[in-house]
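Okay, data-v1.csv now, which holds CSV, C-alpha atoms:
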chain,number,residue,atom,x,y,z
A,1,MET,CA,-9.2,10.0,-3.4
A,2,ALA,CA,-7.3,10.1,-6.7
A,3,SER,CA,-9.3,10.9,-9.9
A,4,GLU,CA,-9.8,8.0,-12.4
A,5,PRO,CA,-7.3,9.4,-14.9
A,6,VAL,CA,-4.6,9.8,-12.1
A,7,ALA,CA,-5.4,6.3,-10.8
A,8,ARG,CA,-5.1,4.9,-14.3
A,9,ALA,CA,-1.8,6.7,-14.9
A,10,VAL,CA,-0.4,5.3,-11.6
A,11,ALA,CA,-1.6,1.8,-12.5
A,12,GLU,CA,0.3,2.0,-15.8
A,13,GLU,CA,3.4,3.3,-14.0
A,14,VAL,CA,3.2,0.4,-11.6
A,15,GLY,CA,2.9,-2.1,-14.4
A,16,ARG,CA,5.9,-0.6,-16.2
A,17,TRP,CA,8.2,-0.5,-13.2
A,18,GLY,CA,7.0,-3.8,-11.9
A,19,SER,CA,8.3,-5.4,-15.1
A,20,MET,CA,11.8,-4.1,-14.6
A,21,LYS,CA,14.6,-6.2,-13.2
A,22,GLN,CA,15.6,-5.4,-9.7
A,23,THR,CA,19.3,-5.0,-8.8
A,24,GLY,CA,20.8,-7.1,-6.0
A,25,VAL,CA,23.3,-5.6,-3.5
A,26,SER,CA,25.8,-7.9,-1.7
A,27,LEU,CA,26.4,-7.6,2.0
A,28,ARG,CA,30.2,-7.1,1.4
A,29,TYR,CA,29.4,-4.1,-0.8
A,30,MET,CA,27.0,-2.7,1.8
A,31,MET,CA,29.6,-3.0,4.5
A,32,GLU,CA,32.4,-1.5,2.4
A,33,PHE,CA,30.2,1.3,1.0
A,34,GLY,CA,28.7,2.1,4.3
A,35,SER,CA,32.0,2.2,6.1
A,36,ARG,CA,32.5,5.6,4.4
A,37,PRO,CA,29.2,7.5,4.8
A,38,THR,CA,30.4,10.6,3.1
A,39,GLU,CA,28.0,13.1,1.6
A,40,ARG,CA,28.8,11.8,-1.8
A,41,ASN,CA,28.2,8.2,-0.9
A,42,LEU,CA,24.9,9.0,0.8
A,43,LEU,CA,23.9,10.9,-2.3
A,44,LEU,CA,24.8,7.9,-4.5
A,45,SER,CA,22.9,5.6,-2.1
A,46,ALA,CA,19.7,7.8,-2.3
A,47,GLN,CA,20.0,8.0,-6.1
A,48,PHE,CA,20.2,4.2,-6.3
A,49,LEU,CA,17.2,3.8,-4.0
A,50,GLN,CA,15.1,6.3,-6.0
A,51,LYS,CA,15.5,4.0,-9.0
A,52,GLU,CA,15.5,0.6,-7.2
A,53,LEU,CA,12.7,0.9,-4.6
A,54,PRO,CA,9.9,1.7,-7.1
A,55,ILE,CA,10.7,-1.6,-9.0
A,56,ARG,CA,10.5,-3.7,-5.8
A,57,ILE,CA,7.4,-1.9,-4.4
A,58,ALA,CA,5.6,-2.1,-7.8
A,59,ARG,CA,6.2,-5.8,-8.0
A,60,ARG,CA,4.6,-6.4,-4.6
A,61,ALA,CA,1.6,-4.1,-5.5
A,62,LEU,CA,1.1,-6.2,-8.7
A,63,GLU,CA,1.2,-9.4,-6.8
A,64,LEU,CA,-1.3,-8.1,-4.3
A,65,GLU,CA,-3.7,-7.5,-7.2
A,66,SER,CA,-3.8,-11.2,-7.8
A,67,LEU,CA,-3.6,-12.9,-4.4
A,68,PRO,CA,-4.5,-16.6,-4.6
A,69,PHE,CA,-7.6,-18.2,-3.1
A,70,GLY,CA,-9.5,-15.1,-2.5
A,71,LEU,CA,-7.0,-13.7,0.0
A,72,SER,CA,-7.2,-10.2,-1.5
A,73,ARG,CA,-10.9,-10.0,-0.5
A,74,LYS,CA,-10.4,-10.9,3.1
A,75,PRO,CA,-11.5,-8.1,5.4
A,76,ALA,CA,-8.3,-8.3,7.5
A,77,ILE,CA,-6.3,-6.8,4.6
A,78,LEU,CA,-8.2,-3.6,5.4
A,79,LYS,CA,-6.7,-1.2,7.8
A,80,VAL,CA,-8.2,1.0,10.5
A,81,ILE,CA,-7.6,4.7,10.5
A,82,LEU,CA,-8.8,6.9,13.3
A,83,GLY,CA,-11.2,4.2,14.5
A,84,GLU,CA,-13.0,3.9,11.1
A,85,TRP,CA,-12.7,1.1,8.6
A,86,SER,CA,-11.0,2.3,5.5
A,87,VAL,CA,-11.2,0.7,2.1
A,88,ASN,CA,-7.5,0.8,1.7
A,89,LYS,CA,-5.8,-2.5,1.6
A,90,VAL,CA,-2.2,-3.5,2.1
A,91,ARG,CA,-1.8,-3.1,-1.6
A,92,ASP,CA,-2.7,0.6,-1.2
A,93,TRP,CA,0.1,1.1,1.2
A,94,TYR,CA,2.4,-0.1,-1.5
A,95,LEU,CA,0.8,2.1,-4.1
A,96,ASP,CA,1.1,5.1,-1.8
A,97,SER,CA,4.8,4.4,-1.3
A,98,PHE,CA,5.3,3.9,-5.0
A,99,ARG,CA,3.7,7.3,-5.7
A,100,ASP,CA,5.8,9.0,-3.0
A,101,ILE,CA,9.0,7.8,-4.5
A,102,ARG,CA,8.2,8.2,-8.1
A,103,TYR,CA,6.8,11.7,-7.7
A,104,PHE,CA,9.7,12.8,-5.5
A,105,PRO,CA,12.0,15.3,-7.4
A,106,GLU,CA,15.2,13.8,-8.7
A,107,VAL,CA,17.8,13.6,-5.9
A,108,ARG,CA,20.7,16.0,-7.0
A,109,ASN,CA,22.3,17.4,-3.9
A,110,ARG,CA,22.6,17.2,-0.1
A,111,ASN,CA,19.3,18.8,0.7
A,112,ASP,CA,17.5,16.6,-1.8
A,113,GLU,CA,19.1,13.5,-0.2
A,114,LEU,CA,18.1,14.5,3.3
A,115,ALA,CA,14.5,15.1,2.3
A,116,PHE,CA,14.4,11.8,0.4
A,117,THR,CA,15.8,10.0,3.5
A,118,GLN,CA,13.0,11.4,5.6
A,119,MET,CA,10.5,10.3,3.1
A,120,ILE,CA,11.6,6.7,2.8
A,121,LYS,CA,11.9,6.6,6.6
A,122,MET,CA,8.2,7.4,6.8
A,123,ILE,CA,7.5,4.7,4.1
A,124,LYS,CA,9.2,2.2,6.4
A,125,VAL,CA,7.0,3.2,9.3
A,126,ARG,CA,3.9,3.1,7.0
A,127,HIS,CA,4.6,-0.6,6.3
A,128,ASN,CA,5.2,-1.6,10.0
A,129,ASN,CA,1.9,-3.6,10.3
A,130,VAL,CA,1.9,-5.3,6.9
A,131,VAL,CA,3.0,-8.7,8.3
A,132,PRO,CA,0.4,-9.0,11.1
A,133,THR,CA,-2.3,-7.6,8.8
A,134,MET,CA,-1.6,-10.1,6.1
A,135,ALA,CA,-1.4,-12.9,8.7
A,136,LEU,CA,-4.8,-12.0,10.1
A,137,GLY,CA,-6.2,-12.3,6.6
A,138,VAL,CA,-4.7,-15.8,6.2
A,139,GLN,CA,-6.0,-16.8,9.7
A,140,GLN,CA,-9.5,-15.7,8.6
A,141,LEU,CA,-9.2,-17.6,5.4
A,142,LYS,CA,-8.1,-20.7,7.3
A,143,ASN,CA,-11.1,-20.4,9.7
A,144,GLU,CA,-13.4,-20.0,6.7
A,145,GLN,CA,-12.1,-23.2,5.1
A,146,TYR,CA,-12.5,-25.2,8.3
A,147,ARG,CA,-16.0,-23.8,8.9
A,148,THR,CA,-17.2,-24.7,5.4
A,149,ARG,CA,-15.2,-28.0,5.4
A,150,LYS,CA,-13.8,-27.3,2.0
A,151,ILE,CA,-10.5,-28.9,1.0
A,152,PRO,CA,-8.2,-26.0,0.2
A,153,THR,CA,-6.5,-26.5,-3.1
A,154,ALA,CA,-4.5,-23.3,-3.2
A,155,PHE,CA,-2.8,-23.2,0.2
A,156,ASP,CA,0.6,-24.2,-1.3
A,157,GLU,CA,0.1,-21.3,-3.7
A,158,ILE,CA,-0.6,-19.0,-0.7
A,159,HIS,CA,2.5,-20.2,1.1
A,160,GLU,CA,4.7,-19.6,-2.0
A,161,PHE,CA,3.2,-16.2,-2.5
A,162,LEU,CA,3.7,-15.2,1.2
A,163,ASP,CA,7.3,-16.5,1.1
A,164,ARG,CA,8.0,-14.3,-1.9
A,165,PHE,CA,6.1,-11.3,-0.5
A,166,TYR,CA,7.8,-11.4,2.9
A,167,MET,CA,11.3,-12.1,1.6
A,168,SER,CA,10.9,-9.0,-0.7
A,169,ARG,CA,9.7,-7.0,2.2
A,170,ILE,CA,12.8,-7.9,4.2
A,171,GLY,CA,14.9,-6.8,1.3
A,172,ILE,CA,13.1,-3.5,0.9
A,173,ARG,CA,13.3,-2.7,4.7
A,174,MET,CA,17.0,-3.7,4.7
A,175,LEU,CA,17.8,-1.3,1.9
A,176,ILE,CA,15.8,1.6,3.5
A,177,GLY,CA,17.0,0.8,7.0
A,178,GLN,CA,20.6,0.7,6.0
A,179,HIS,CA,20.5,4.0,4.2
A,180,VAL,CA,18.6,5.7,7.0
A,181,ALA,CA,21.0,4.3,9.7
A,182,LEU,CA,24.1,5.6,7.8
A,183,HIS,CA,22.9,9.1,8.9
A,184,ASP,CA,23.5,8.3,12.5
A,185,PRO,CA,26.1,11.0,13.6
A,186,ASP,CA,27.4,8.9,16.4
A,187,PRO,CA,27.2,5.2,15.6
A,188,GLU,CA,28.4,2.6,18.0
A,189,PRO,CA,31.9,1.2,17.4
A,190,GLY,CA,31.9,-1.5,14.7
A,191,VAL,CA,28.3,-0.6,13.5
A,192,ILE,CA,27.8,0.2,9.8
A,193,GLY,CA,24.3,1.2,9.3
A,194,LEU,CA,22.2,-1.8,10.4
A,195,ILE,CA,25.2,-4.2,10.4
A,196,ASN,CA,27.1,-4.7,13.6
A,197,THR,CA,30.5,-6.0,12.6
A,198,GLU,CA,31.2,-7.1,16.2
A,199,LEU,CA,27.8,-8.5,17.2
A,200,SER,CA,27.8,-10.7,20.3
A,201,PRO,CA,25.2,-13.5,19.8
A,202,ILE,CA,25.3,-14.1,23.6
A,203,GLN,CA,24.2,-10.5,24.3
A,204,VAL,CA,21.4,-10.6,21.7
A,205,ALA,CA,20.2,-14.0,23.1
A,206,GLN,CA,20.1,-12.4,26.5
A,207,ALA,CA,18.1,-9.4,25.3
A,208,ALA,CA,15.7,-11.6,23.3
A,209,SER,CA,15.3,-14.0,26.2
A,210,GLU,CA,14.4,-11.1,28.6
A,211,ASP,CA,11.8,-9.8,26.1
A,212,ALA,CA,10.3,-13.2,25.6
A,213,ARG,CA,10.2,-14.0,29.4
A,214,SER,CA,8.4,-10.7,30.1
A,215,ILE,CA,5.6,-11.6,27.7
A,216,CYS,CA,5.4,-15.1,29.2
A,217,LEU,CA,5.2,-13.6,32.7
A,218,ARG,CA,2.5,-11.2,31.5
A,219,GLU,CA,0.4,-14.0,29.9
A,220,TYR,CA,0.9,-16.8,32.5
A,221,GLY,CA,2.1,-15.1,35.7
A,222,SER,CA,5.3,-17.1,35.6
A,223,ALA,CA,8.0,-18.1,33.1
A,224,PRO,CA,10.6,-20.9,32.8
A,225,GLU,CA,14.3,-20.0,33.4
A,226,ILE,CA,16.6,-19.6,30.4
A,227,ASP,CA,20.2,-20.9,30.4
A,228,ILE,CA,22.6,-19.5,27.8
A,229,TYR,CA,25.8,-21.3,26.9
A,230,GLY,CA,28.7,-20.0,24.7
A,231,ASP,CA,31.7,-17.8,24.5
A,232,PRO,CA,30.7,-14.4,25.8
A,233,THR,CA,33.7,-12.8,24.0
A,234,PHE,CA,32.7,-14.2,20.5
A,235,THR,CA,31.5,-11.7,17.9
A,236,PHE,CA,30.7,-11.8,14.2
A,237,PRO,CA,29.1,-9.5,11.6
A,238,TYR,CA,25.3,-9.6,11.5
A,239,VAL,CA,22.2,-7.4,11.7
A,240,SER,CA,21.3,-7.3,15.4
A,241,SER,CA,17.6,-6.6,14.8
A,242,HIS,CA,17.2,-9.6,12.5
A,243,LEU,CA,18.9,-11.9,15.0
A,244,HIS,CA,16.8,-10.5,17.9
A,245,LEU,CA,13.6,-11.1,16.0
A,246,MET,CA,14.5,-14.8,15.2
A,247,LEU,CA,15.7,-15.6,18.7
A,248,PHE,CA,12.7,-13.9,20.3
A,249,GLU,CA,10.3,-16.0,18.3
A,250,LEU,CA,12.1,-19.3,19.0
A,251,VAL,CA,12.5,-18.6,22.7
A,252,LYS,CA,8.9,-17.4,23.0
A,253,ASN,CA,7.7,-20.6,21.4
A,254,SER,CA,9.8,-22.7,23.8
A,255,LEU,CA,8.7,-20.8,26.8
A,256,ARG,CA,5.0,-21.2,25.9
A,257,ALA,CA,5.5,-24.9,25.3
A,258,VAL,CA,7.2,-25.5,28.6
A,259,GLN,CA,4.9,-23.2,30.6
A,260,GLU,CA,1.7,-24.9,29.2
A,261,ARG,CA,3.1,-28.4,29.8
A,262,TYR,CA,4.2,-27.8,33.5
A,263,MET,CA,1.7,-25.1,34.6
A,264,ASN,CA,-0.4,-27.7,36.5
A,265,SER,CA,2.4,-30.0,37.4
A,266,ASP,CA,4.2,-30.5,40.7
A,267,LYS,CA,7.4,-31.3,38.8
A,268,ASP,CA,10.3,-28.9,38.6
A,269,VAL,CA,10.0,-26.7,35.5
A,270,PRO,CA,13.0,-27.4,33.2
A,271,PRO,CA,14.8,-24.4,31.7
A,272,VAL,CA,14.9,-23.4,28.1
A,273,ARG,CA,18.5,-23.8,26.9
A,274,ILE,CA,20.3,-21.6,24.3
A,275,ILE,CA,23.7,-22.8,22.9
A,276,VAL,CA,25.8,-20.7,20.7
A,277,ALA,CA,28.5,-22.5,18.6
A,278,ASP,CA,31.1,-20.8,16.4
A,279,GLY,CA,31.7,-23.1,13.4
A,280,ALA,CA,34.0,-22.8,10.4
A,281,GLU,CA,31.1,-22.2,8.0
A,282,ASP,CA,28.2,-21.0,10.1
A,283,VAL,CA,27.4,-19.6,13.5
A,284,THR,CA,24.8,-21.9,14.9
A,285,ILE,CA,22.4,-21.2,17.8
A,286,LYS,CA,20.3,-24.0,19.3
A,287,VAL,CA,17.2,-23.2,21.3
A,288,SER,CA,16.2,-26.4,23.2
A,289,ASP,CA,13.2,-27.0,25.4
A,290,GLU,CA,11.3,-29.8,27.2
A,291,GLY,CA,7.9,-28.6,26.3
A,292,GLY,CA,6.5,-31.9,25.0
A,293,GLY,CA,7.5,-31.6,21.4
A,294,ILE,CA,5.4,-31.4,18.2
A,295,PRO,CA,3.6,-34.5,16.8
A,296,ARG,CA,5.3,-36.0,13.8
A,297,SER,CA,2.3,-35.4,11.6
A,298,GLY,CA,2.6,-31.6,12.3
A,299,LEU,CA,6.3,-31.2,11.5
A,300,PRO,CA,5.8,-30.9,7.7
A,301,ARG,CA,3.5,-28.0,8.4
A,302,ILE,CA,5.4,-25.9,10.9
A,303,PHE,CA,6.9,-23.6,8.3
A,304,THR,CA,3.6,-22.9,6.6
A,305,TYR,CA,1.5,-19.8,7.3
A,306,LEU,CA,-1.6,-21.9,8.1
A,307,TYR,CA,-0.2,-23.8,11.1
A,308,SER,CA,0.3,-22.7,14.7
A,309,THR,CA,1.4,-24.5,17.8
A,310,ALA,CA,-0.7,-22.2,19.9
A,311,LYS,CA,-3.9,-23.8,21.3
A,312,ASN,CA,-6.0,-20.7,21.1
A,313,PRO,CA,-4.8,-18.2,18.4
A,314,PRO,CA,-5.9,-14.7,19.1
A,315,ASP,CA,-8.9,-13.3,17.3
A,316,MET,CA,-8.5,-9.6,16.7
A,317,ASP,CA,-10.2,-7.0,14.4
A,318,CYS,CA,-7.1,-4.8,14.2
A,319,PRO,CA,-3.6,-6.3,14.3
A,320,SER,CA,-0.6,-4.7,15.8
A,321,GLU,CA,3.0,-5.7,16.4
A,322,GLY,CA,4.0,-7.5,19.6
A,323,VAL,CA,2.4,-10.4,21.5
A,324,THR,CA,-0.4,-10.6,18.9
A,325,MET,CA,2.1,-12.3,16.7
A,326,ALA,CA,1.7,-15.5,18.8
A,327,GLY,CA,-0.7,-17.9,17.4
A,328,TYR,CA,-1.2,-16.7,13.8
A,329,GLY,CA,1.3,-19.2,12.4
A,330,TYR,CA,3.9,-16.9,10.8
A,331,GLY,CA,6.6,-16.7,13.5
A,332,LEU,CA,8.5,-19.7,12.3
A,333,PRO,CA,8.2,-19.2,8.6
A,334,ILE,CA,9.1,-15.5,8.9
A,335,SER,CA,12.1,-16.4,11.1
A,336,ARG,CA,13.3,-18.9,8.5
A,337,LEU,CA,13.1,-16.2,5.8
A,338,TYR,CA,15.2,-13.8,7.9
A,339,ALA,CA,17.8,-16.5,8.3
A,340,ARG,CA,17.7,-17.4,4.6
A,341,TYR,CA,17.9,-13.8,3.5
A,342,PHE,CA,21.6,-13.8,4.5
A,343,GLY,CA,22.2,-17.4,3.3
A,344,GLY,CA,21.4,-19.2,6.6
A,345,ASP,CA,18.6,-21.5,7.6
A,346,LEU,CA,16.3,-22.6,10.4
A,347,GLN,CA,15.7,-26.3,11.2
A,348,ILE,CA,13.3,-27.8,13.7
A,349,ILE,CA,13.9,-31.2,15.3
A,350,SER,CA,11.2,-32.4,17.7
A,351,MET,CA,10.7,-35.4,19.9
A,352,GLU,CA,7.0,-35.8,20.8
A,353,GLY,CA,6.6,-36.4,24.5
A,354,TYR,CA,9.8,-34.7,25.3
A,355,GLY,CA,10.7,-31.4,23.6
A,356,THR,CA,11.9,-29.5,20.6
A,357,ASP,CA,15.3,-28.3,19.3
A,358,ALA,CA,15.5,-25.3,16.9
A,359,TYR,CA,18.8,-24.9,15.0
A,360,LEU,CA,19.4,-21.4,13.7
A,361,HIS,CA,22.2,-21.4,11.1
A,362,LEU,CA,23.7,-18.0,10.4
A,363,SER,CA,26.1,-17.2,7.6
A,364,ARG,CA,29.1,-15.0,8.2
A,365,LEU,CA,28.1,-11.8,6.4
A,366,GLY,CA,31.5,-10.4,5.8
A,367,ASP,CA,32.3,-13.3,3.5
A,368,SER,CA,29.2,-12.9,1.3
A,369,GLU,CA,29.5,-11.4,-2.2
A,370,GLU,CA,26.1,-12.9,-3.3
A,371,PRO,CA,23.5,-10.2,-4.2
A,372,LEU,CA,20.7,-10.2,-1.6
A,373,PRO,CA,17.1,-10.8,-2.6
Representation of the structure as structure tokens:
Amino acid sequence: MASEPVARAVAEEVGRWGSMKQTGVSLRYMMEFGSRPTERNLLLSAQFLQKELPIRIARRALELESLPFGLSRKPAILKVILGEWSVNKVRDWYLDSFRDIRYFPEVRNRNDELAFTQMIKMIKVRHNNVVPTMALGVQQLKNEQYRTRKIPTAFDEIHEFLDRFYMSRIGIRMLIGQHVALHDPDPEPGVIGLINTELSPIQVAQAASEDARSICLREYGSAPEIDIYGDPTFTFPYVSSHLHLMLFELVKNSLRAVQERYMNSDKDVPPVRIIVADGAEDVTIKVSDEGGGIPRSGLPRIFTYLYSTAKNPPDMDCPSEGVTMAGYGYGLPISRLYARYFGGDLQIISMEGYGTDAYLHLSRLGDSEEPLP
């Protein structure tokens, strides 16, 4: 544990860096810069991240100090290490990462750059469970409010905070992931770091569908079929991991809705349909189901972090990535943030008594010169 003077010095550093203005980077610049991953360019990239990441991380640490509505005191913000509860909160993961970067020697040469890259790669791993950990804290907060029958007055504030927090997290992980991926000695054709300039949305939809169906099969013993429509030869520039995450969440929601509606029915189970359309402005992917839809009263809340379509949200003491994400109420809002990060959007249109259509609008990344969040 750090001594009090050291902790005070770190806190002052965090305050100073957190007040600095962050620098946005456009996707076009990322693609053009990353298309030439020379030693010089990788060195320049590391030097930029050594100055930029502490600003972004410090801002999140400062926000975590003042979480609204008592969220910072929820036990779910604590993490488990070697089976024992630790007093470290999500904020401390950010403080640890801030210290790692700030106290790393100045990156001056190839060896420094390689060591720095390994360090930020470990930082990215350290933060893998931030989203489900935060979501569990929000779930416990929601349960507490319902149990005490208090009317929450700060849930809008919580939603705004989480939107900012998660959007920034996407940006931090994109910057780190792009730099780390540029070190791949044998990248696939058309791949620049994390960006696939020839991404097939049909192929990503197939992979996400298989993953979602496997979870549905494991949970229910059966799963609806999934039909995918679109031009299999169509490609466009996008980050495949982001698209997979969004489609996986949408398909998983649809499968669950259809499965639960027809599991005790003699009727034929209708398939979930995925349609990919290549428009002049956007690439749009529709995920359509006949799972009964969402009540009109619930539609305004589907993109909040305190709403879930799952009947029985999981109750866990220690969160982890994967199927535990179902039911906490952050799949849709997180997916919309991923779409909006690159200038797209996610819209939900539902017909109660029939089903739901989710429209995922994706901007063409190669045309964007706007700085990313």
**OP:** Could you check which of A:Val239, A:Val204, A:Leu332, A:Leu49 is closest to A:Ile274, using only C-alpha atoms?
**Re:** A:Val204
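Between atom CA of A:Leu43 and atom CA of A:Ile55 the separation is 19.4 Å.
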Subject >> Proximity to A:Gln203 - best of A:His244, A:His361, A:Lys51, A:Arg126, only C-alpha atoms >> reply: A:His244
Write out as an mmCIF file with C-alpha atoms, in the frame of the given file which residues come within 12 Å of A:Ile334 when counting all atoms listed in the file, dropping same-chain ones fewer than 2 positions away.
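Writing done, so here's result.cif:
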data_model
loop_
_atom_site.group_PDB
_atom_site.id
_atom_site.type_symbol
_atom_site.label_atom_id
_atom_site.label_comp_id
_atom_site.auth_asym_id
_atom_site.auth_seq_id
_atom_site.Cartn_x
_atom_site.Cartn_y
_atom_site.Cartn_z
ATOM 1 C CA VAL A 131 3.000 -8.700 8.300
ATOM 2 C CA PRO A 132 0.400 -9.000 11.100
ATOM 3 C CA ALA A 135 -1.400 -12.900 8.700
ATOM 4 C CA HIS A 159 2.500 -20.200 1.100
ATOM 5 C CA LEU A 162 3.700 -15.200 1.200
ATOM 6 C CA ASP A 163 7.300 -16.500 1.100
ATOM 7 C CA ARG A 164 8.000 -14.300 -1.900
ATOM 8 C CA PHE A 165 6.100 -11.300 -0.500
ATOM 9 C CA TYR A 166 7.800 -11.400 2.900
ATOM 10 C CA MET A 167 11.300 -12.100 1.600
ATOM 11 C CA SER A 168 10.900 -9.000 -0.700
ATOM 12 C CA ARG A 169 9.700 -7.000 2.200
ATOM 13 C CA ILE A 170 12.800 -7.900 4.200
ATOM 14 C CA HIS A 242 17.200 -9.600 12.500
ATOM 15 C CA LEU A 245 13.600 -11.100 16.000
ATOM 16 C CA MET A 246 14.500 -14.800 15.200
ATOM 17 C CA LEU A 247 15.700 -15.600 18.700
ATOM 18 C CA GLU A 249 10.300 -16.000 18.300
ATOM 19 C CA LEU A 250 12.100 -19.300 19.000
ATOM 20 C CA ILE A 302 5.400 -25.900 10.900
ATOM 21 C CA PHE A 303 6.900 -23.600 8.300
ATOM 22 C CA THR A 304 3.600 -22.900 6.600
ATOM 23 C CA TYR A 305 1.500 -19.800 7.300
ATOM 24 C CA MET A 325 2.100 -12.300 16.700
ATOM 25 C CA TYR A 328 -1.200 -16.700 13.800
ATOM 26 C CA GLY A 329 1.300 -19.200 12.400
ATOM 27 C CA TYR A 330 3.900 -16.900 10.800
ATOM 28 C CA GLY A 331 6.600 -16.700 13.500
ATOM 29 C CA LEU A 332 8.500 -19.700 12.300
ATOM 30 C CA ARG A 336 13.300 -18.900 8.500
ATOM 31 C CA LEU A 337 13.100 -16.200 5.800
ATOM 32 C CA TYR A 338 15.200 -13.800 7.900
ATOM 33 C CA ALA A 339 17.800 -16.500 8.300
ATOM 34 C CA ARG A 340 17.700 -17.400 4.600
ATOM 35 C CA TYR A 341 17.900 -13.800 3.500
ATOM 36 C CA ASP A 345 18.600 -21.500 7.600
ATOM 37 C CA LEU A 346 16.300 -22.600 10.400
#
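Shortest atom-to-atom contact with A:Leu182 among A:Pro371, A:Gly34, A:Gly344, A:Gly293: A:Gly34, counting only C-alpha atoms.
With all atoms listed in the file as the basis for measurement, A:Tyr238 is the residue among A:Tyr238, A:Glu157, A:Pro187, A:Val272 that approaches A:Arg364 most closely.
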Using only C-alpha atoms, which residues sit within 7 Å of A:Pro224 once same-chain residues fewer than 3 positions away are excluded, as an mmCIF file with C-alpha atoms, in the frame of the given file?
data_model
loop_
_atom_site.group_PDB
_atom_site.id
_atom_site.type_symbol
_atom_site.label_atom_id
_atom_site.label_comp_id
_atom_site.auth_asym_id
_atom_site.auth_seq_id
_atom_site.Cartn_x
_atom_site.Cartn_y
_atom_site.Cartn_z
ATOM 1 C CA LEU A 255 8.700 -20.800 26.800
ATOM 2 C CA GLN A 259 4.900 -23.200 30.600
ATOM 3 C CA VAL A 269 10.000 -26.700 35.500
ATOM 4 C CA PRO A 270 13.000 -27.400 33.200
ATOM 5 C CA PRO A 271 14.800 -24.400 31.700
ATOM 6 C CA VAL A 272 14.900 -23.400 28.100
#
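Minimum distance to A:Ala61 across A:Arg91, A:Arg99, A:Arg273, A:Arg36 (counting all atoms listed in the file) occurs at A:Arg91.
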**OP:** Write out as number ranges by chain which residues come within 10 Å of A:Ile349 when counting all atoms listed in the file, dropping same-chain ones fewer than 4 positions away.
**Re:** A: 288, 293-294, 296, 299, 355-359
**OP:** Tell me which of A:Glu12, A:Glu113, A:Glu39, A:Asp211 sits closest to A:Ile226, counting only C-alpha atoms.
**Re:** A:Asp211
Rebuild stretch 241-245 of chain A to all heavy atoms - output it as a PDB file, in the frame of the given file, please.
ATOM      1  N   SER A 241      19.053  -6.536  14.748  1.00  0.00           N
ATOM      2  CA  SER A 241      17.600  -6.600  14.800  1.00  0.00           C
ATOM      3  C   SER A 241      17.031  -7.837  14.211  1.00  0.00           C
ATOM      4  O   SER A 241      16.022  -8.373  14.690  1.00  0.00           O
ATOM      5  CB  SER A 241      17.001  -5.338  14.092  1.00  0.00           C
ATOM      6  OG  SER A 241      17.399  -5.309  12.724  1.00  0.00           O
ATOM      7  N   HIS A 242      17.677  -8.356  13.155  1.00  0.00           N
ATOM      8  CA  HIS A 242      17.200  -9.600  12.500  1.00  0.00           C
ATOM      9  C   HIS A 242      17.449 -10.777  13.511  1.00  0.00           C
ATOM     10  O   HIS A 242      16.560 -11.622  13.690  1.00  0.00           O
ATOM     11  CB  HIS A 242      17.998  -9.874  11.254  1.00  0.00           C
ATOM     12  CG  HIS A 242      17.594  -8.984  10.130  1.00  0.00           C
ATOM     13  ND1 HIS A 242      17.930  -9.239   8.815  1.00  0.00           N
ATOM     14  CD2 HIS A 242      16.873  -7.838  10.095  1.00  0.00           C
ATOM     15  CE1 HIS A 242      17.442  -8.290   8.039  1.00  0.00           C
ATOM     16  NE2 HIS A 242      16.809  -7.427   8.805  1.00  0.00           N
ATOM     17  N   LEU A 243      18.621 -10.834  14.127  1.00  0.00           N
ATOM     18  CA  LEU A 243      18.900 -11.900  15.000  1.00  0.00           C
ATOM     19  C   LEU A 243      17.995 -11.873  16.266  1.00  0.00           C
ATOM     20  O   LEU A 243      17.508 -12.911  16.739  1.00  0.00           O
ATOM     21  CB  LEU A 243      20.383 -11.879  15.485  1.00  0.00           C
ATOM     22  CG  LEU A 243      20.825 -12.996  16.439  1.00  0.00           C
ATOM     23  CD1 LEU A 243      20.533 -14.375  15.850  1.00  0.00           C
ATOM     24  CD2 LEU A 243      22.310 -12.862  16.768  1.00  0.00           C
ATOM     25  N   HIS A 244      17.738 -10.676  16.760  1.00  0.00           N
ATOM     26  CA  HIS A 244      16.800 -10.500  17.900  1.00  0.00           C
ATOM     27  C   HIS A 244      15.453 -11.046  17.559  1.00  0.00           C
ATOM     28  O   HIS A 244      14.826 -11.767  18.351  1.00  0.00           O
ATOM     29  CB  HIS A 244      16.772  -9.063  18.350  1.00  0.00           C
ATOM     30  CG  HIS A 244      15.955  -8.843  19.586  1.00  0.00           C
ATOM     31  ND1 HIS A 244      14.569  -8.820  19.568  1.00  0.00           N
ATOM     32  CD2 HIS A 244      16.318  -8.642  20.888  1.00  0.00           C
ATOM     33  CE1 HIS A 244      14.125  -8.610  20.791  1.00  0.00           C
ATOM     34  NE2 HIS A 244      15.156  -8.496  21.608  1.00  0.00           N
ATOM     35  N   LEU A 245      14.961 -10.692  16.381  1.00  0.00           N
ATOM     36  CA  LEU A 245      13.600 -11.100  16.000  1.00  0.00           C
ATOM     37  C   LEU A 245      13.543 -12.656  15.919  1.00  0.00           C
ATOM     38  O   LEU A 245      12.580 -13.249  16.429  1.00  0.00           O
ATOM     39  CB  LEU A 245      13.291 -10.538  14.593  1.00  0.00           C
ATOM     40  CG  LEU A 245      11.918 -10.847  13.986  1.00  0.00           C
ATOM     41  CD1 LEU A 245      11.455  -9.695  13.111  1.00  0.00           C
ATOM     42  CD2 LEU A 245      11.945 -12.137  13.153  1.00  0.00           C
TER      43      LEU A 245
END
